[in-house]
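One structure is given here, and the rest of the page talks about it.
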Amino acid sequence: MAEQKGFNIRRQTGFATLAVACFVLLYLPILLLVAYSFNSGSSIAIWEGFSWRWYQSAWENELVQEATVRSLVIAVWASLISTTVAVLAALATTRTRKFRGQGAVFAMINQPLMVPEIVTAVALLIFFAMIKVATGYSGLLYLVIAHSAFCIPFAYLPIRARLQGMDLSLEQAAADLYATPFQAFRRITLPQLWPGILAGAMLAFVISLDDVVITEFVKSAGQDTLPTYMLGQLRRVITPEINAISTVLIGISVTMVIGFTLLSKIRN
């Protein structure tokens, strides 16, 4: 009887062609966007020569400066808050005995990943609108809270994965030597967990920095972040300045994702 060969997706007819087509359709527009960010002319479709003109224009644009600072402030706070909550949630779901409702807790933590972002944005809009009417406050705190809540599962997953891959013997040994839970965490767990924490924080930072939908629904007047500023410019006259800003955002995102990948591969 002939030996049955295993299924290999790479040997399926047309798979390579389809994969190449998908990569081309996905990355070719991004490459064109980056290329035309160096266009010396004002057109986003006609090449008129190489120039740093639009990067300088974006750098000197006060609205871009304000939106960039606002985006960075929100992203830093959101990543710090969401990562802190994610660490506590990961410890509670991996360093305790199984309890009734653990699956429901896991589902609640990852709810932003399962529910369409537009639904979350509308819910936050309604909730914060009630608070704004009651308190009269309309500052950036709403955006920080909204981004933090949305980024929690993105920080939680790499941290939880790191905890699940860690050996419990050292923590158990610390407990046998009368270390308190906090001492065991600070001296044993945390030094091993830091790559996962940094990876989660970096991923949360990128998600917050690039977010458009939730920001657009939650922000008040004069609180544009860099992505929402770009969205507003697309409704007016489009210039390669938007390409330049997009290229910088792509560079930041790619750098953070590479760092996230490298940190995720660090072993004890």
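Convention: chains lettered A, B, ... in structure tokens order; per-chain residue numbering from 1; ligands numbered from 1 as shown.
Taking only C-alpha atoms, the non-local environment of Ile214 of chain A within 9 Å (same-chain residues fewer than 6 positions away omitted) comprises A:Glu117, A:Ile118, A:Thr120, A:Ala121, A:Val122, A:Leu124, A:Leu125, A:Leu143, A:Ala146, A:His147, A:Phe150.
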(request) Check segment 21-216 of chain A with DSSP on the backbone and list each residue it calls alpha helix (DSSP H), as a ChimeraX atom specification. (result) /A:21-36,53-60,62-94,102-109,111-114,117-135,141-164,169-176,181-184,190-210,213-216
(message) Considering only C-alpha atoms, can you say which of A:Arg95, A:Arg53, A:Arg70, A:Arg162 comes closest to Trp194 of chain A?
(response)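 For Trp194 of chain A, the nearest of the candidates is A:Arg162.
Across A:Ile245, A:Val257, A:Val76, A:Ala67, the tightest approach to Tyr36 of chain A is made by A:Ile245 when counting only C-alpha atoms.
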(message) What's around segment 170-174 of chain A at 8 Å? Count only C-alpha atoms, leave out sequence neighbours fewer than 2 positions away in its own chain, and write the answer as a list of chain:residue names.
(response)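 My list of contacting residues is A:Asp167, A:Leu168, A:Asp176, A:Leu177, A:Tyr178, A:Ala179, A:Ala184, A:Phe185, A:Ile188, A:Thr189.
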For segment 73-173 of chain A against segment 223-244 of chain A, with a cut-off of 10 Å and counting only C-alpha atoms, what is the closest atom pair and its distance in Å to one decimal for every residue that makes the cut, ordered by chain and number, as a Markdown table?
| residue | atom | partner | partner_atom | distance |
| --- | --- | --- | --- | --- |
| A:Val73 | CA | A:Thr225 | CA | 9.9 |
| A:Ile74 | CA | A:Thr225 | CA | 8.8 |
| A:Ser138 | CA | A:Gln223 | CA | 9.8 |
| A:Gly139 | CA | A:Gln223 | CA | 8.4 |
| A:Leu140 | CA | A:Gln223 | CA | 7.5 |
| A:Leu143 | CA | A:Gln223 | CA | 9.2 |
Residue subset to file, keeping N, CA and C atoms, as a short mmCIF file (atom, residue, chain, number, x, y, z; two decimals), in the first residue's frame:
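Here's the written file again_13.cif:
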data_model
loop_
_atom_site.label_atom_id
_atom_site.label_comp_id
_atom_site.auth_asym_id
_atom_site.auth_seq_id
_atom_site.Cartn_x
_atom_site.Cartn_y
_atom_site.Cartn_z
N VAL A 73 1.47 61.80 23.50
CA VAL A 73 1.06 61.86 24.90
C VAL A 73 0.00 60.80 25.17
N ILE A 74 -1.00 60.72 24.30
CA ILE A 74 -2.07 59.73 24.48
C ILE A 74 -1.52 58.32 24.39
N SER A 138 -14.12 68.17 29.24
CA SER A 138 -13.98 67.61 27.89
C SER A 138 -12.52 67.54 27.47
N GLY A 139 -11.64 67.20 28.40
CA GLY A 139 -10.21 67.15 28.11
C GLY A 139 -9.76 65.85 27.48
N LEU A 140 -8.42 65.67 27.43
CA LEU A 140 -7.82 64.51 26.79
C LEU A 140 -7.99 63.23 27.59
N LEU A 143 -9.84 60.44 25.87
CA LEU A 143 -9.09 59.72 24.84
C LEU A 143 -8.10 58.75 25.47
#
